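The structure appears right after this line, and notes come after that.
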Amino acid sequence: MKKTYIILALTALTAASCKKDFIDLTPKDSYTDATFYKTVDQFKQADIAAYAPLRDVLVNDYFTSEMRSDNTIYQPYPSNRGTAYLYRESISNFTNTSTNDYVNAVWQHCYTGISRTNIVIERLKTTDFDAAVKAPIDGQAKFLRAFYYFKLVRLFGGVPLFLKEVTKAEDAFLPRSAADAIYNQIIADAKDAISELSAPAKFPQTGEATKGSATMLLAEVYATQKKWADAETLLTTLSGMGYGLNANYADAFTPGNKNSKESLFDIQFLEGTVLGTTPNPLPFHFLPRSTNTSIITGININNSSTGGWNTPTQDLINAYEPNDKRLDASIGMVEGTYNASDLFVYSANKSVIGYTPAAGKMGVPYIKKYEHPPLIAVTGSSDNFPVYRYSDALLLLAEAQNEQGKSPLTALNTVKSRAGLPATTTADQASLRTIIAHERRVELAFENHRWNDLVRTGQAVDVMNAFGAVLKTQVNYLTPDTYNVTANKLLYPIPQPEIDLNPGQMTQNPGY
Amino acid sequence: MRISFLLISISITIGLVSVKATELAAQGVNTRLDISIGSEDLSSVIKKLEQKANVAFAYDELFLKIANKHVNAANYQNESLKNILTDLLKGQEIGFKEQAGNIILYRQLTGRVSGRITDESGQPLPGASVSIVGTSFGMMTDADGRYNISLPEGTYTVAASFVGYSRVESANVTINGNQTTTLNIRLVAGSQLKEVTVSYGKQRAREVTGSLTQVDAAPLQDMPVMQFAQQLQGKAAGVQVAQSSGQPGRGVEFRIRGAASFYASNQPLVVIDGIPVTGSINNMNPAEIESFSILKDASATALYGSRAANGVILITTKHAKPGDAQIDFNANYGVQKIPGERVPKMMDARGFAQYMNEKFADSRKYEPGYTTATPTEYLNPEQYGEGTNWYKLLTRTAPIQSYDITIRSAREKSSSTVMAGYQEQQGVLINTGTKLFSLRINQDFSLSNDKLKIGFNLAPSYRLDHNNRLGTDGVGGLFERIFEASPLKSPYNADGSYNRDTYSPGMVAYINPLAQFNLTNDDYKTTRILANGYLNYEFLTGLSIKTNIAVDKGAETRQYFQSGVVTSTVGQATGTSSSVDNGSYTAEANLVYHRSFGDHNIEALAGYSAQKYSGTNNTLTGLGYPSDDIPYLNAATSLSEGGSSYSAYSLLSGIARINYNYKGRYLLQGAVRRDGSSRFGANQRYGNFPSVSAGWVISDEKFMDRFSFLNLMKIRASYGVTGNNFFPGYYAAQATIAKYYYEFGGASVAGQTINRLANDDLRWERNKQFDIGLDLSLFNNRLNFTYDYYHKISDGLIMQRPIPKASGFTSILDNVGAIELWGHEFTVNSTNLTGKLKWTTNLNVSFDRNLIKNLVSPGYIRRNNTVSSDYYRQQEGHHLGEFYGFVFLGLYKDANDLANSAKYGSASDVGTIKVKDINGDGVIDDVNDRTFIGDPTPTFTGGLTNNFVYKNWDLNIHMAFSVGGKILNAAKWAYQTNLDGSRVMLAAAADRWRSPENPGSGVYPRTKTGTTAMGRQVNSQWVEDGSYLTAKNISLGYRFNLGEKFLMRSLRVYTSVQQAFVLTKYSGMNPEINFAGLDPTLGIGVDENAYPIPRTFSFGVSATFK
């Protein structure tokens, strides 16, 4: 009997003693926030994670920043009226509402990036790493945070300003801050990034954000705020960092010439099946929907469910001056016919220059910049997507100089001459303003600048209404409510779910 | 006077004197007298009495040996002679009787009657009362149900009774002197006295204070089904079981008392022979089951604490009982077929071509600028007949079969049961099916005078799923695809190979579904072992220790290959090989004290339990297969994806319970469990789950004696708290780090950072439940009635709470609110006929209600942000999962109607769908003009079972019903009536609006480009009545009783039809869809297509060998 009691006592004791450990389980196949963020390498990894949303922003931002403009439209798809199509079309048509998944995705992915940078910036402060070790980590995070906020403030206006790591539900509900407050934070972050980051050590670069990336970003912020002198000062520092133009316009986009001296900042893609590699799917998105795109892509790719977006407009094609080498480098023409399923049957790849359709065929322009056949795999290409190029910097510098009454001709003509165009000689500020704006349109076409430039320069309402009026005479699928562009449409609506979740605090932009 | 003795002796010997005390005449023996008797022999005492009482005694002095018998000294005052004699003759083997004025003494021997009182199943009934009719002899049975009564020789009627059981009288029981007559009595029915399985033990139904339903498995064995859950449909009040998908061996869901979580599981905890099952319950062969005990209220489930909020199903497997030595064999073979009347009637080739032809013509006619010519395929619809009938190609009549053998053998000290089974179910969709091999060995030993009990149960199973887990169900599932392929297209190319593209002009480019079914191979092989060992030792009288160690071990491999013909990327054949190794163990030790102090009965239990689950997953995906010949990764030229992961959770608990009753009439129970779980926030790992309950057996009260028809009347009440810890993710309360890749310097680099928010305060979802119940047994237990009312509040509902995406996260696992649930449950069991034709009926009905009490800001949680699939909204003040959408008002009739109604932008035109302008602002928009449009919760649900037995025939009809719940028929409106022609449509859609003169049925709008979207956005047109009455099973059997000389003692043959018919107005395939899978976030009552449920005709035999 005694034995029994001893056994019982032991059992009870064992049960009690193992109590804490027994239910204290943490994942063994991944880190937790308590075990990570300890080493320099881990902070570098946390920075890399903050780059990743750039791609997610991009695949939605080409609707909000390019297809919204007069540069591109879409291929109508009357037999598929699913919301996935309606939403994307409505961005182009100015009929989008606050429930538009694609606009809302830009918001979400920018903030995902911001949250990851906040984690790095906040947690890095509490480490005892050397300042020299901290600087590039902090600098990249601040550049990315500035980048994401700059994207947000231009598309949505004042937005919630998250600067601390969110660790619990209550942290997640912030009201909108004024646009000025967002800009001030962007400027502060960009300045930190400029001071903490180095110029590229070599070309081609690795693809990480550099002092040059941050400089360009801050210059564009200043240009947006019309602080022309500040912008000019920054832009003139770039050539000293080793940047310059490639020999040919198309060189900036070839996968074999990535991150060249012309690149200030690119979104990186890589083709392949190695774990984690992310090929660029946009070359398929930008072609007409087809069951076989091999005439353009070089391999049999069916883009019938992904394609049909960001089609160059005739308005843009017409905007290229005669002999502008950039037209042929930027835009191609695919010839064929639409079948009854509204899928395009490709028959030939033609040049856009002087194009007239063959009998019984039609031509659909496509963005050629990002098509580098033959593709290796059906998953996508290795094309990077440019965010800032040196020609952008030169044109912005020209604009800054012109706006201050200085001569912009050196910078302007550097870009023009590469395009095979004669140098501009006029000294008239207004004429130059138009010329520079036009240069920006064609030089930077399909690089998600056009809509921001139109808004920044106050031309968006006029240009887009005029564009829409013409377009309605050319196509039959636009309803009367499309292209009614008012000042309210210069900002996108705050995503409805954000308003619903945070009633009272999160206000909607006017007109939505 | 001595003359007569010889005669009398003779008459006794030949049995003429049948003694019955009541026959004694009153006169002589009633004479009262005073007499003092010393210590003397009987002979002198008799003489004294003759004198005193003045009566004559007749006896044979030598034969009765009267002179040798001594009596004890006694003094009687005014005592009747009868009593004096009774007293004096006690133990002298002499009887007396008055006859013709004489008192005859005769030799009387005593014998014994003894035996055992048991219930129907042979379980002993301790404390049963045994009496000899017309005498004062009688006693109560001992702990083993035994009695032993000493009686004078004679013939008696023995009566046995036990409260709640029908009294049994056995007449003509002859007792011979010095012999023991054995009389075993089996008491029938009185379900209230049977022992039922409760948490951590057994209890008499009569003494149960919680709400539970015991279901015997034996009558369910005729059903040709692979899952025990299917057997339980409609069997117990408050237990909703629905088959939401017909995937072989899968797709059955439970909801006990409307169990409701937004995110955590709604499935009850299943405990098999004391093992809380952590893996799938589908691997259990139903033939192994002896009984189910379904625990519903907090008091019944309290000892399972944090896992009990959804109820608990205790499964007891077959264990041989002492005396068993038999082999049972069962075989069942059936054919399954999808009931044709429920299959959606789609357009055939001619109909679809006609429709498309008209659609193009209408577009050209009514849409300025529309010039597209009608594709040649549609130009001449009359050239087509039915075309390809994809549904016929992809479905089939499929066999289902099961065989099992049970070998039972038990002696006094040991019991052994071995069950082996094989089940196979081919799917009614081609190239799908499942096979299950199962074995169970149950061994029990009883040692040291039953003080030590040891046992082992071992149940391995092996399951092969072939294409059984392909995504057949839901949006984009393979079943939906069957209805989307064009009837104009052949599945094959001219060369006999599969045609990948089976869409016609204007249709979405779906892939040939026939090829998808046939060119995909997805095999899962699952090995599972359930094992446990127990040791119960009564080391002091009434005090036992009970220990149990249980293991639930699983291993699974998956071999997947899909030909490049049907992969989403053409030509990219893909193969995956993966393996899972997981398992849990549970270790428990309890002290149990069981004692009666007079009328006070106490049972106390205290103990602890520890459970830990862990699992490892490995997976590897290969690409670049040069051909389809070798579907293994060996043939892949690149391995594209791979990984391994590990996860675990643990639960540590202390439990205690006290049961007390006074005379079995006043019942009390208190129980508590304290659980510590690894799955909750660091600050909230422990939870306490107490419960109390009480019962009163009113029918035991004296004042109820006059209601003799009332066998049992008991009221009971309980209140308690249970919890729910079944939510996805074992570390969901912790912030984990995930990989995010980017590229630097032309190479992929891995980043890592937080992928979800921690919630240190995530606490238990608590379920506070009150229950009050009434049990009645009437008319000799022929009518049994149970009623329960319950009311519960589930607070701290766990949910992925949406937070602003500006935080960088979309949600946080949090406690978001509370829901109130209440309901009434009625069960009637009645024995309608007991004669040659026996007829019993079981009816149960439950009325379950719910209301969302509160929710975190903003007071509602939507399903998602997409208007076309934002099916429902959980909102404060509303019912669970109420559908949310536009309100359908028909079609815009004419230009005037259009001009005077709110419009949905440019998508509104005459002949398009008109919806209600909820906020009255004159326009229709997605944000302000949607509202609640239907409640999926049924008004009541239940089941009706009728059983008839006539001679050797038996007939069982089992039905289940649900009334008042709504179904959102998304499958129909979002997919089968897409008027853009991008999918094949229901034939009825041909009757659409075409012009004001030709408005069609008024249901389907016009086809104008860009106007049809509203039809595919949730609107009240989608909401249908989901009421149904299903004949779940009808079976007819015949039993051959072959007698003792055959090896085969009995043979039963039966035929049954499962899912015999469904009566419903619902237009979709399955009105039981109203549990959208195991994932509660999918909502209730949403029909997005599922694997169809077949009707099964089967034939079976059951044989018993002894």
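Simple scheme: letters A, B, ... for chains in structure tokens order, numbers from 1 for residues in each chain, numbers from 1 for ligands in the order shown.
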
Close residues, range 289-305 of chain B itself excluded, 6 Å, only C-alpha atoms, min 5 positions apart in chain, as a list in words:
Gly210, Ser211, Leu212, Thr213, Gln214, Val215, Asp216, Ala217, Gly311, Val312, Ile313, Leu314, Ile315, Thr316, Thr317, Lys318, Arg673, Phe689, Ser691, Ser718, Gly720, Thr722, Gly723 and Gln769 of chain B

Keeping N, CA and C atoms, export the residues of the selection given above as a short mmCIF file (atom, residue, chain, number, x, y, z; two decimals), in the first residue's frame.
data_model
loop_
_atom_site.label_atom_id
_atom_site.label_comp_id
_atom_site.auth_asym_id
_atom_site.auth_seq_id
_atom_site.Cartn_x
_atom_site.Cartn_y
_atom_site.Cartn_z
N GLY B 210 -26.50 15.69 -16.32
CA GLY B 210 -26.22 16.51 -17.49
C GLY B 210 -27.09 16.09 -18.65
N SER B 211 -26.85 16.72 -19.78
CA SER B 211 -27.63 16.39 -20.96
C SER B 211 -26.77 15.55 -21.89
N LEU B 212 -27.17 14.33 -22.07
CA LEU B 212 -26.41 13.48 -23.00
C LEU B 212 -27.35 12.51 -23.68
N THR B 213 -26.93 12.01 -24.80
CA THR B 213 -27.71 11.05 -25.56
C THR B 213 -26.83 9.86 -25.86
N GLN B 214 -27.32 8.69 -25.47
CA GLN B 214 -26.57 7.48 -25.77
C GLN B 214 -27.20 6.85 -27.01
N VAL B 215 -26.37 6.49 -27.96
CA VAL B 215 -26.89 5.85 -29.18
C VAL B 215 -26.17 4.53 -29.35
N ASP B 216 -26.96 3.46 -29.41
CA ASP B 216 -26.36 2.15 -29.65
C ASP B 216 -26.02 2.03 -31.12
N ALA B 217 -24.86 1.48 -31.39
CA ALA B 217 -24.42 1.40 -32.78
C ALA B 217 -25.04 0.23 -33.52
N GLY B 311 -19.31 20.25 -27.66
CA GLY B 311 -19.84 18.94 -27.30
C GLY B 311 -18.75 17.89 -27.44
N VAL B 312 -19.07 16.72 -26.92
CA VAL B 312 -18.10 15.62 -26.95
C VAL B 312 -18.83 14.37 -27.41
N ILE B 313 -18.20 13.61 -28.26
CA ILE B 313 -18.76 12.31 -28.64
C ILE B 313 -17.84 11.23 -28.10
N LEU B 314 -18.37 10.47 -27.14
CA LEU B 314 -17.59 9.38 -26.58
C LEU B 314 -17.96 8.12 -27.34
N ILE B 315 -16.95 7.47 -27.87
CA ILE B 315 -17.19 6.25 -28.62
C ILE B 315 -16.66 5.08 -27.82
N THR B 316 -17.50 4.09 -27.61
CA THR B 316 -17.05 2.88 -26.94
C THR B 316 -16.98 1.79 -27.99
N THR B 317 -15.84 1.16 -28.10
CA THR B 317 -15.73 0.09 -29.08
C THR B 317 -16.17 -1.22 -28.43
N LYS B 318 -16.29 -2.23 -29.26
CA LYS B 318 -16.82 -3.50 -28.76
C LYS B 318 -15.80 -4.19 -27.86
N ARG B 673 -12.28 21.48 -14.39
CA ARG B 673 -11.05 21.13 -15.09
C ARG B 673 -10.22 22.40 -15.22
N PHE B 689 -12.50 25.55 -15.93
CA PHE B 689 -13.79 25.18 -16.51
C PHE B 689 -14.62 24.42 -15.48
N SER B 691 -18.23 23.31 -13.41
CA SER B 691 -19.65 23.08 -13.71
C SER B 691 -20.33 22.49 -12.48
N SER B 718 -28.23 22.22 -15.04
CA SER B 718 -26.78 22.33 -14.95
C SER B 718 -26.33 23.70 -15.42
N GLY B 720 -22.39 25.51 -16.43
CA GLY B 720 -20.96 25.29 -16.46
C GLY B 720 -20.28 26.07 -17.56
N THR B 722 -17.26 25.79 -20.49
CA THR B 722 -16.31 24.97 -21.25
C THR B 722 -15.57 25.88 -22.22
N GLY B 723 -14.64 25.30 -22.93
CA GLY B 723 -13.82 26.15 -23.81
C GLY B 723 -13.64 25.52 -25.17
N GLN B 769 -22.78 27.73 -20.27
CA GLN B 769 -24.02 27.10 -20.67
C GLN B 769 -24.90 26.70 -19.49
#

I'd like a table as JSON lines: residues in chain A with an atom no more than 6 Å from chain B, each row giving the shortest atom pair and its distance in Å to one decimal, only C-alpha atoms counted, sorted by chain and rising residue number.
{"residue": "A:Ile23", "atom": "CA", "partner": "B:Ser678", "partner_atom": "CA", "distance": 4.5}
{"residue": "A:Asp24", "atom": "CA", "partner": "B:Ser678", "partner_atom": "CA", "distance": 5.7}
{"residue": "A:Leu25", "atom": "CA", "partner": "B:Ser678", "partner_atom": "CA", "distance": 5.8}
{"residue": "A:Asp29", "atom": "CA", "partner": "B:Ser645", "partner_atom": "CA", "distance": 5.6}
{"residue": "A:Tyr31", "atom": "CA", "partner": "B:Ile737", "partner_atom": "CA", "distance": 5.2}
{"residue": "A:Thr32", "atom": "CA", "partner": "B:Thr736", "partner_atom": "CA", "distance": 4.2}
{"residue": "A:Asp33", "atom": "CA", "partner": "B:Ala735", "partner_atom": "CA", "distance": 5.6}
{"residue": "A:Gln45", "atom": "CA", "partner": "B:Gly751", "partner_atom": "CA", "distance": 4.0}
{"residue": "A:Ala46", "atom": "CA", "partner": "B:Thr753", "partner_atom": "CA", "distance": 5.1}
{"residue": "A:Ile48", "atom": "CA", "partner": "B:Gly751", "partner_atom": "CA", "distance": 4.6}
{"residue": "A:Ala49", "atom": "CA", "partner": "B:Gly751", "partner_atom": "CA", "distance": 4.5}
{"residue": "A:Ala52", "atom": "CA", "partner": "B:Tyr742", "partner_atom": "CA", "distance": 5.6}
{"residue": "A:Ser79", "atom": "CA", "partner": "B:Asp980", "partner_atom": "CA", "distance": 5.5}
{"residue": "A:Gln108", "atom": "CA", "partner": "B:Lys805", "partner_atom": "CA", "distance": 5.5}
{"residue": "A:Tyr111", "atom": "CA", "partner": "B:Gly808", "partner_atom": "CA", "distance": 4.9}
{"residue": "A:Thr112", "atom": "CA", "partner": "B:Gly808", "partner_atom": "CA", "distance": 4.0}
{"residue": "A:Ser115", "atom": "CA", "partner": "B:Gly808", "partner_atom": "CA", "distance": 4.9}
{"residue": "A:Ala172", "atom": "CA", "partner": "B:Ser807", "partner_atom": "CA", "distance": 5.0}
{"residue": "A:Thr206", "atom": "CA", "partner": "B:Gly745", "partner_atom": "CA", "distance": 4.0}
{"residue": "A:Gly207", "atom": "CA", "partner": "B:Phe744", "partner_atom": "CA", "distance": 5.4}
{"residue": "A:Gln268", "atom": "CA", "partner": "B:Glu743", "partner_atom": "CA", "distance": 5.9}
{"residue": "A:Thr273", "atom": "CA", "partner": "B:Ser640", "partner_atom": "CA", "distance": 5.6}
{"residue": "A:Gly276", "atom": "CA", "partner": "B:Tyr741", "partner_atom": "CA", "distance": 5.2}
{"residue": "A:Thr277", "atom": "CA", "partner": "B:Ser748", "partner_atom": "CA", "distance": 5.4}
{"residue": "A:Ala340", "atom": "CA", "partner": "B:Pro505", "partner_atom": "CA", "distance": 4.9}
{"residue": "A:Ser341", "atom": "CA", "partner": "B:Gly506", "partner_atom": "CA", "distance": 3.5}
{"residue": "A:Asn476", "atom": "CA", "partner": "B:Gly369", "partner_atom": "CA", "distance": 5.5}
{"residue": "A:Glu498", "atom": "CA", "partner": "B:Pro804", "partner_atom": "CA", "distance": 5.3}
{"residue": "A:Leu501", "atom": "CA", "partner": "B:Pro858", "partner_atom": "CA", "distance": 5.7}

Students should find that CA of Lys235 in chain B and CA of Thr941 in chain B are spaced 11.0 Å

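Distance-wise, CA of Asn282 in chain B and CA of Gln426 in chain B end up 15.7 Å apart.
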
Any idea what's packed within 9 Å of Asp47 in chain A, counting only C-alpha atoms, ignoring anything in its chain fewer than 2 positions away? Could you give it as a PyMOL selection string?
(chain A and resi 42-45+49-51+116-117+120+137-138+140-141) or (chain B and resi 751-753)

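The spacing separating CA of Leu439 in chain B from CA of Val418 in chain B amounts to 7.4 Å.
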